[in-house]
Amino acid sequence: MADTSPPRTERRLALFDASGFIFRAYHAIPPLTTSKGVPTNAVLGFTRMVLKALQELKPTHVALAFDKSGRVERQKIDPQYKANRKAPPEDLTPQFPLIRKVGDVLNLPSLDAEGWEADDVIGTLAMQAKAEGFQVLVVTSDKDFMQIVDEDITLFDPQKNKRMAVADVQEKMGILPRQVRDFLALVGDAVDNVAKVPGVGDKTAVELLHQFGDVETLLSRLEEVKKPKIRAALESHRDSLVRAKQLVTFNTTLPLGVKLDDLVRKAPDGTRARDLFTELEFFALLRDLPAEETPRPDVAPLVATTTVVTTEAELQSLVDAARAAQAVTLVPAFEGMPFAAPLVGLGVALPDGTTRYVPLRHQQLGASQVPVPAFVAAMKDLLADAGVKKGGHDLKALTLVLANDGLTLEGAHDDVELLSYLLNPSRREHALADLARERLRSELPALPASVEGKKGRALSDHGPEEVAAAYAVRADAARRLAPELWRELELGGLAELARTLELPLLPILARMEREGVKLDVKELGRISERVDVEVKAKEAECHTAAGHVFNLGSNPQLAQVLYEEQKLPILKRGKTGPSTDQEVLEKLAEEHGSVLARALIEYRGLSKLKSTYLDTLPSLVAKDGRIHTTYHQAATATGRLSSSDPNLQNIPIRTELGREIRRAFVADAGHQLVSADYSQVELRLLAHIAEDPVLIQAFLDDEDIHSRTAAEIFGVDPKTVDREQRRVAKTVNFGIAYGLSAHGLSTRLGISQESARDVIERYFTRYAGIRQYLEDTVEKARKVGYVETLYGRRRLMGDLLSKNRGVAQAAERAAINMPIQGTAADLMKKAMLSVDAALREQKLKARVLLQVHDELLIEAPDAEVEAVKALAVRCMASVAELKVPLKVDVGAGTSWADAH
DNA sequence: AGGTCTAGGGAG
DNA sequence: CTACTCCCTAGACCTT
């Protein structure tokens, strides 16, 4: 039996200067509130610091020390002590109790003493612990604490992550730790209103202490002080100096009535900590909390054991059970990209609450696992049977992995990632572990580190016993989460959206990813070589203009050259320094004739396209010569898809070079790419949703919408609108659904704020329905807490009630935009279902490859091109009956550029 | 060497 | 603060 209590010499007590950190955290972290408006910046900073320090110091004992009416006792010595301190800011006061709560849920004892400061509490405990043989670590950033440093007591500054021992004090101060109080008394403290001896600064104080050792000796041998002025000053400030030393000296003899055994470190109360952090919206910190040690009694723990399926008979009985229940939850074990990764094993949860793990490609098992062909044969029909509801987490990935073994998954129904997303699309992640923690109050067992970290052993090198439980438990967690999520979806009116839109879309996205798009690597290479030359030339041009070589990619270096060496005016500042962005460079080039700025703009444009696309895309081409992006169906706050690895939704188009890059996206031999995109879809939706008669009529008349808007704004005939007027109108049309302000419009158009205001006012006068819609949307969102699309997709909008004006206003703009952008996303998703169904129905070979928000890119055999163009237009335009027509532009060609 | 943050910029 | 929604790159900075 191992003795779990550490040996005496290894007992470490960490004492936190809580009060000190509260103020530091408050000032270090910009104002922050929860979505309900509760200020939390100091709480957050404090909590972070504590967690970090605990991790770093790994103490065996711990306490948080607070001030409690901290001036009272010292003001008995000197009524002026801290008399100039203002009351804490009003948004800090409510944070004190919250910080005590944090200490409470983290199981860290809070200590204080009436009338005394945290310093004294710490001093007292430090002495007590030292006497009992502890190592003491005082967590503080306050220099006053140096006075209690000795061989057993060290300071730790969590911000700098530095410890301070005796030698460090000597090095920093030039005196011994026990002389620190004498030093502080001599030099005083303006902040705390501790009087100093005039004429005595740091240097003199240290010199005096070297000569006399301490204040008392100094005062008893004043005649030995050489400098007459200093001697006189000390003479006349005798009393205040003695008082000062009393003020700065910690009281180390407080009757705290605490035994060190009471301070043994305990694990946080996982449940309460999670609840509190959730309430405070400290989502990042939630992850750092250790596993919950006390599961809630009303929830059964996730299955702890699982059956490893190694025979065909066992597999068959699993299949039979799933078929009988018409449902099964599956979590695949695989490594790498789902469209290329072999299935290593499959975690299975059945509705009866049992789980299995089916190993398939575990090296060690060899022949003692079900052979892949047998697995495929046994599972094929079950997986392809849409009547058997499939559950899991990220069923698109499951679909792709299964497809690698020729298996088709139908009946995707309980994808908990997708369901959770629909409930709250603003959430960054819908990780299974988080959902299980929040909704099941259960921690998922970790995967072996070598699996999780993707390094070391391959997954297939693990024995099934190492991973079986982990995957089975994941399946079980998903199975249990689904009904709860569906219940909430029903309550929110979101279930239909899930059933009829998102879930049917899932297999289509899987097919699109699997299909990929062909890239002409040679063509891209040719462009890259050419651009390489141009980039180098521009780089040289920049260096010449600067007069020396520097790193063009480094904004600090660039700022140095522009603003210090070339003395150009700083037009805009960012968080970290003067800005060097496009807008600024443009001005510097235009208005200040900067050659460097001009060359840099061109350099940036070229190098961006080169590094992001030309150099990167070829490495992402799979063995089949095609690029397989990943679509994220549970990513955006508005309901759009997103794309990554690579992002094919931001391939350039606006510049000539950009268009050339699109020329490298090509159709396979004998095929063409058909591009079909919605024209002005968001503006049309704005017209429909806002029910604005003027805008609706404009679309019904199929007018040039920007010219029409210009005509409305400027009160002229649409035919006589000039280019400038149209440009203004176009910017307004685009910006209005984003909550465009007069300020924004003026900077974008380079017009005065007055005329921008005028333009917006005229717009709203002509399109009165739009103003009404914008106002109603925000007002309703404030009341109900969310905004929604035509099809009921919701986005929760907590920030609308934020006390931070900037945050609240940003939320208003997002609230205005979401119903428009989100409805457009809904329409496109519906269109994708419709196109897919039509292609199948007509038995066409054409395949949808890409979706870029308002565009679909389809690869069609030459013979099908015309039919596919017509089909795409028909499907996309008829996806909804609105008060305005949906217009679809379509084109075809051998490359993506040519299809436009 | 590896992770995270920031600035900047590509798309709709 | 100042136009919404994303993802990716490079450099800076910090940690292992």
# chains A, B, ... in the order shown; residues from 1 in each chain; ligands from 1

call {"tool": "interface_residues", "arguments": {"of": "chain C", "to": "chain A", "cutoff": "6 Å", "atoms": "only C-alpha atoms (C1' of nucleotides)", "output": "list in words"}}
result
DC1, DT2, DA3, DC4 and DG11 of chain C

call {"tool": "write_last_selection", "arguments": {"atoms": "N, CA and C atoms (P, O5', C5', C4', C3', O3' and C1' of nucleotides)", "output": "PDB file, in the first residue's frame"}}
result
ATOM      1  P    DC C   1     -12.909  51.023 -29.846  1.00  0.00           P
ATOM      2  O5'  DC C   1     -13.964  50.761 -31.025  1.00  0.00           O
ATOM      3  C5'  DC C   1     -14.357  49.403 -31.213  1.00  0.00           C
ATOM      4  C4'  DC C   1     -15.619  49.391 -32.009  1.00  0.00           C
ATOM      5  C3'  DC C   1     -15.437  49.747 -33.491  1.00  0.00           C
ATOM      6  O3'  DC C   1     -15.552  48.570 -34.255  1.00  0.00           O
ATOM      7  C1'  DC C   1     -17.396  50.727 -32.544  1.00  0.00           C
ATOM      8  P    DT C   2     -15.084  48.557 -35.755  1.00  0.00           P
ATOM      9  O5'  DT C   2     -16.405  48.489 -36.630  1.00  0.00           O
ATOM     10  C5'  DT C   2     -17.692  48.370 -36.058  1.00  0.00           C
ATOM     11  C4'  DT C   2     -18.657  49.223 -36.855  1.00  0.00           C
ATOM     12  C3'  DT C   2     -18.114  49.626 -38.221  1.00  0.00           C
ATOM     13  O3'  DT C   2     -19.191  49.592 -39.124  1.00  0.00           O
ATOM     14  C1'  DT C   2     -18.776  51.511 -37.088  1.00  0.00           C
ATOM     15  P    DA C   3     -18.959  49.762 -40.658  1.00  0.00           P
ATOM     16  O5'  DA C   3     -19.817  48.486 -41.015  1.00  0.00           O
ATOM     17  C5'  DA C   3     -21.066  48.346 -40.382  1.00  0.00           C
ATOM     18  C4'  DA C   3     -21.558  46.944 -40.623  1.00  0.00           C
ATOM     19  C3'  DA C   3     -20.506  45.885 -40.323  1.00  0.00           C
ATOM     20  O3'  DA C   3     -21.144  44.767 -39.717  1.00  0.00           O
ATOM     21  C1'  DA C   3     -21.063  45.833 -42.640  1.00  0.00           C
ATOM     22  P    DC C   4     -20.411  43.753 -38.841  1.00  0.00           P
ATOM     23  O5'  DC C   4     -21.166  42.390 -39.190  1.00  0.00           O
ATOM     24  C5'  DC C   4     -22.574  42.324 -39.024  1.00  0.00           C
ATOM     25  C4'  DC C   4     -23.105  41.168 -39.832  1.00  0.00           C
ATOM     26  C3'  DC C   4     -22.321  39.868 -39.671  1.00  0.00           C
ATOM     27  O3'  DC C   4     -22.829  39.116 -38.589  1.00  0.00           O
ATOM     28  C1'  DC C   4     -22.707  40.310 -41.981  1.00  0.00           C
ATOM     29  P    DG C  11       6.463  34.889 -42.541  1.00  0.00           P
ATOM     30  O5'  DG C  11       6.146  35.619 -41.167  1.00  0.00           O
ATOM     31  C5'  DG C  11       5.636  36.941 -41.223  1.00  0.00           C
ATOM     32  C4'  DG C  11       5.325  37.406 -39.834  1.00  0.00           C
ATOM     33  C3'  DG C  11       6.466  37.236 -38.834  1.00  0.00           C
ATOM     34  O3'  DG C  11       6.538  38.446 -38.109  1.00  0.00           O
ATOM     35  C1'  DG C  11       4.525  36.188 -38.009  1.00  0.00           C
TER      36       DG C  11
END

call {"tool": "interface_residues", "arguments": {"of": "chain A", "to": "chain B", "cutoff": "9 Å", "atoms": "only C-alpha atoms (C1' of nucleotides)", "output": "PyMOL selection string"}}
result
chain A and resi 555+574-576+579-582+604-605+608-609+612+648-653+852-854

call {"tool": "write_last_selection", "arguments": {"atoms": "N, CA and C atoms", "output": "short mmCIF file (atom, residue, chain, number, x, y, z; two decimals), in the first residue's frame"}}
result
data_model
loop_
_atom_site.label_atom_id
_atom_site.label_comp_id
_atom_site.auth_asym_id
_atom_site.auth_seq_id
_atom_site.Cartn_x
_atom_site.Cartn_y
_atom_site.Cartn_z
N ASN A 555 4.32 42.65 -39.94
CA ASN A 555 3.72 43.97 -39.81
C ASN A 555 4.48 44.87 -38.83
N GLY A 574 -4.12 49.62 -34.63
CA GLY A 574 -4.75 48.36 -34.25
C GLY A 574 -4.49 48.12 -32.78
N LYS A 575 -4.75 46.89 -32.35
CA LYS A 575 -4.55 46.58 -30.93
C LYS A 575 -3.08 46.62 -30.57
N THR A 576 -2.25 46.16 -31.50
CA THR A 576 -0.85 45.97 -31.17
C THR A 576 0.05 47.06 -31.72
N SER A 579 -1.61 50.40 -37.82
CA SER A 579 -2.12 49.46 -38.80
C SER A 579 -1.37 49.59 -40.13
N THR A 580 -1.26 48.47 -40.80
CA THR A 580 -0.65 48.49 -42.14
C THR A 580 -1.58 47.81 -43.13
N ASP A 581 -2.87 47.91 -42.89
CA ASP A 581 -3.78 47.16 -43.78
C ASP A 581 -4.00 47.91 -45.11
N GLN A 582 -4.70 47.20 -45.97
CA GLN A 582 -4.96 47.66 -47.33
C GLN A 582 -5.43 49.11 -47.38
N ARG A 604 1.34 42.24 -51.66
CA ARG A 604 0.41 41.50 -50.81
C ARG A 604 -0.59 40.72 -51.65
N GLY A 605 -1.15 41.39 -52.64
CA GLY A 605 -2.14 40.74 -53.49
C GLY A 605 -1.57 39.47 -54.12
N LYS A 608 -0.45 36.72 -51.34
CA LYS A 608 -1.62 36.08 -50.73
C LYS A 608 -2.12 34.94 -51.63
N LEU A 609 -2.34 35.26 -52.89
CA LEU A 609 -2.86 34.25 -53.81
C LEU A 609 -1.85 33.12 -53.99
N THR A 612 -1.69 31.07 -50.49
CA THR A 612 -2.94 30.41 -50.09
C THR A 612 -3.42 29.41 -51.15
N LEU A 648 -12.92 25.70 -50.26
CA LEU A 648 -13.20 25.94 -51.69
C LEU A 648 -14.28 27.00 -51.87
N GLN A 649 -14.66 27.61 -50.77
CA GLN A 649 -15.66 28.67 -50.88
C GLN A 649 -15.02 30.05 -50.92
N ASN A 650 -13.71 30.11 -50.99
CA ASN A 650 -13.09 31.43 -51.16
C ASN A 650 -12.00 31.41 -52.23
N ILE A 651 -12.22 30.61 -53.26
CA ILE A 651 -11.30 30.63 -54.39
C ILE A 651 -11.48 31.97 -55.10
N PRO A 652 -10.38 32.63 -55.41
CA PRO A 652 -10.46 34.00 -55.95
C PRO A 652 -11.29 34.09 -57.24
N ILE A 653 -11.84 35.26 -57.45
CA ILE A 653 -12.56 35.51 -58.70
C ILE A 653 -12.48 36.98 -59.08
N VAL A 852 -21.08 27.05 -53.22
CA VAL A 852 -20.42 28.26 -52.73
C VAL A 852 -21.50 29.29 -52.37
N HIS A 853 -22.32 28.91 -51.38
CA HIS A 853 -23.34 29.79 -50.80
C HIS A 853 -24.49 30.13 -51.74
N ASP A 854 -24.20 30.71 -52.91
CA ASP A 854 -25.31 30.98 -53.83
C ASP A 854 -25.05 30.32 -55.19
#

call {"tool": "atom_distance", "arguments": {"atom1": "atom CA of A:Glu565", "atom2": "atom CA of A:Val533"}}
result
27.8 Å

call {"tool": "select_by_dssp", "arguments": {"residues": "stretch 565-792 of chain A", "states": "helix (DSSP H, G or I)", "output": "JSON, numbers by chain"}}
result
{"A": [565, 582, 583, 584, 585, 586, 587, 588, 589, 590, 591, 592, 595, 596, 597, 598, 599, 600, 601, 602, 603, 604, 605, 606, 607, 608, 609, 610, 611, 612, 613, 614, 617, 618, 619, 620, 656, 657, 658, 659, 660, 661, 662, 663, 681, 682, 683, 684, 685, 686, 687, 688, 689, 690, 693, 694, 695, 696, 697, 698, 699, 700, 705, 706, 707, 708, 709, 710, 711, 712, 713, 714, 718, 719, 720, 723, 724, 725, 726, 727, 728, 729, 730, 731, 732, 733, 734, 735, 736, 742, 743, 744, 745, 746, 747, 748, 749, 753, 754, 755, 756, 757, 758, 759, 760, 761, 762, 763, 764, 765, 766, 768, 769, 770, 771, 772, 773, 774, 775, 776, 777, 778, 779, 780, 781, 782, 783, 784]}

call {"tool": "atom_distance", "arguments": {"atom1": "atom CA of A:Pro30", "atom2": "atom CA of A:Gln55"}}
result
24.7 Å

call {"tool": "select_by_dssp", "arguments": {"residues": "stretch 712-879 of chain A", "states": "strand (DSSP E)", "output": "number ranges by chain"}}
result
A: 786-788, 794-796, 847-851, 855-861

call {"tool": "atom_distance", "arguments": {"atom1": "atom CA of A:Ala870", "atom2": "atom CA of A:Val890"}}
result
8.6 Å

call {"tool": "residues_around", "arguments": {"residues": "A:Leu318", "least_positions_apart": "3", "cutoff": "10 Å", "atoms": "only C-alpha atoms (C1' of nucleotides)", "output": "PyMOL selection string"}}
result
chain A and resi 309+312-315+321-324+328+348-350+355-356+358+378-379

call {"tool": "residues_around", "arguments": {"residues": "A:Gly492", "least_positions_apart": "2", "cutoff": "12 Å", "atoms": "only C-alpha atoms (C1' of nucleotides)", "output": "PyMOL selection string"}}
result
chain A and resi 419+422-424+485-490+494-498+784+786+788+792-796

call {"tool": "residues_around", "arguments": {"residues": "stretch 874-885 of chain A", "least_positions_apart": "6", "cutoff": "7 Å", "atoms": "only C-alpha atoms (C1' of nucleotides)", "output": "PyMOL selection string"}}
result
chain A and resi 684+688+696+699-700+827+830-831+834-835

call {"tool": "write_last_selection", "arguments": {"atoms": "N, CA, C and O atoms", "output": "JSON list (two decimals), in the first residue's frame"}}
result
[["chain", "number", "residue", "atom", "x", "y", "z"],
["A", 684, "ARG", "N", -33.27, 39.91, -52.89],
["A", 684, "ARG", "CA", -34.62, 39.44, -53.20],
["A", 684, "ARG", "C", -35.31, 38.97, -51.93],
["A", 684, "ARG", "O", -36.50, 39.24, -51.69],
["A", 688, "HIS", "N", -38.72, 40.21, -50.02],
["A", 688, "HIS", "CA", -39.82, 39.32, -49.64],
["A", 688, "HIS", "C", -40.11, 39.37, -48.15],
["A", 688, "HIS", "O", -41.25, 39.52, -47.73],
["A", 696, "ILE", "N", -40.03, 44.98, -54.01],
["A", 696, "ILE", "CA", -40.66, 43.83, -54.66],
["A", 696, "ILE", "C", -40.96, 44.16, -56.13],
["A", 696, "ILE", "O", -40.66, 43.38, -57.03],
["A", 699, "PHE", "N", -38.00, 44.04, -58.45],
["A", 699, "PHE", "CA", -37.60, 42.69, -58.88],
["A", 699, "PHE", "C", -38.62, 42.09, -59.84],
["A", 699, "PHE", "O", -38.27, 41.36, -60.76],
["A", 700, "LEU", "N", -39.90, 42.39, -59.60],
["A", 700, "LEU", "CA", -40.93, 41.89, -60.53],
["A", 700, "LEU", "C", -40.70, 42.45, -61.93],
["A", 700, "LEU", "O", -40.91, 41.78, -62.94],
["A", 827, "LEU", "N", -32.63, 28.19, -48.61],
["A", 827, "LEU", "CA", -33.06, 28.01, -50.00],
["A", 827, "LEU", "C", -32.04, 27.17, -50.76],
["A", 827, "LEU", "O", -32.39, 26.26, -51.51],
["A", 830, "LYS", "N", -32.28, 23.61, -49.83],
["A", 830, "LYS", "CA", -33.45, 23.00, -50.47],
["A", 830, "LYS", "C", -33.16, 22.73, -51.94],
["A", 830, "LYS", "O", -33.52, 21.67, -52.49],
["A", 831, "ALA", "N", -32.49, 23.69, -52.56],
["A", 831, "ALA", "CA", -32.17, 23.52, -53.97],
["A", 831, "ALA", "C", -31.26, 22.32, -54.18],
["A", 831, "ALA", "O", -31.39, 21.58, -55.16],
["A", 834, "SER", "N", -33.26, 19.30, -54.17],
["A", 834, "SER", "CA", -34.07, 19.23, -55.38],
["A", 834, "SER", "C", -33.23, 18.82, -56.59],
["A", 834, "SER", "O", -33.63, 17.95, -57.38],
["A", 835, "VAL", "N", -32.05, 19.42, -56.71],
["A", 835, "VAL", "CA", -31.17, 19.08, -57.84],
["A", 835, "VAL", "C", -30.75, 17.61, -57.75],
["A", 835, "VAL", "O", -30.77, 16.87, -58.73]]
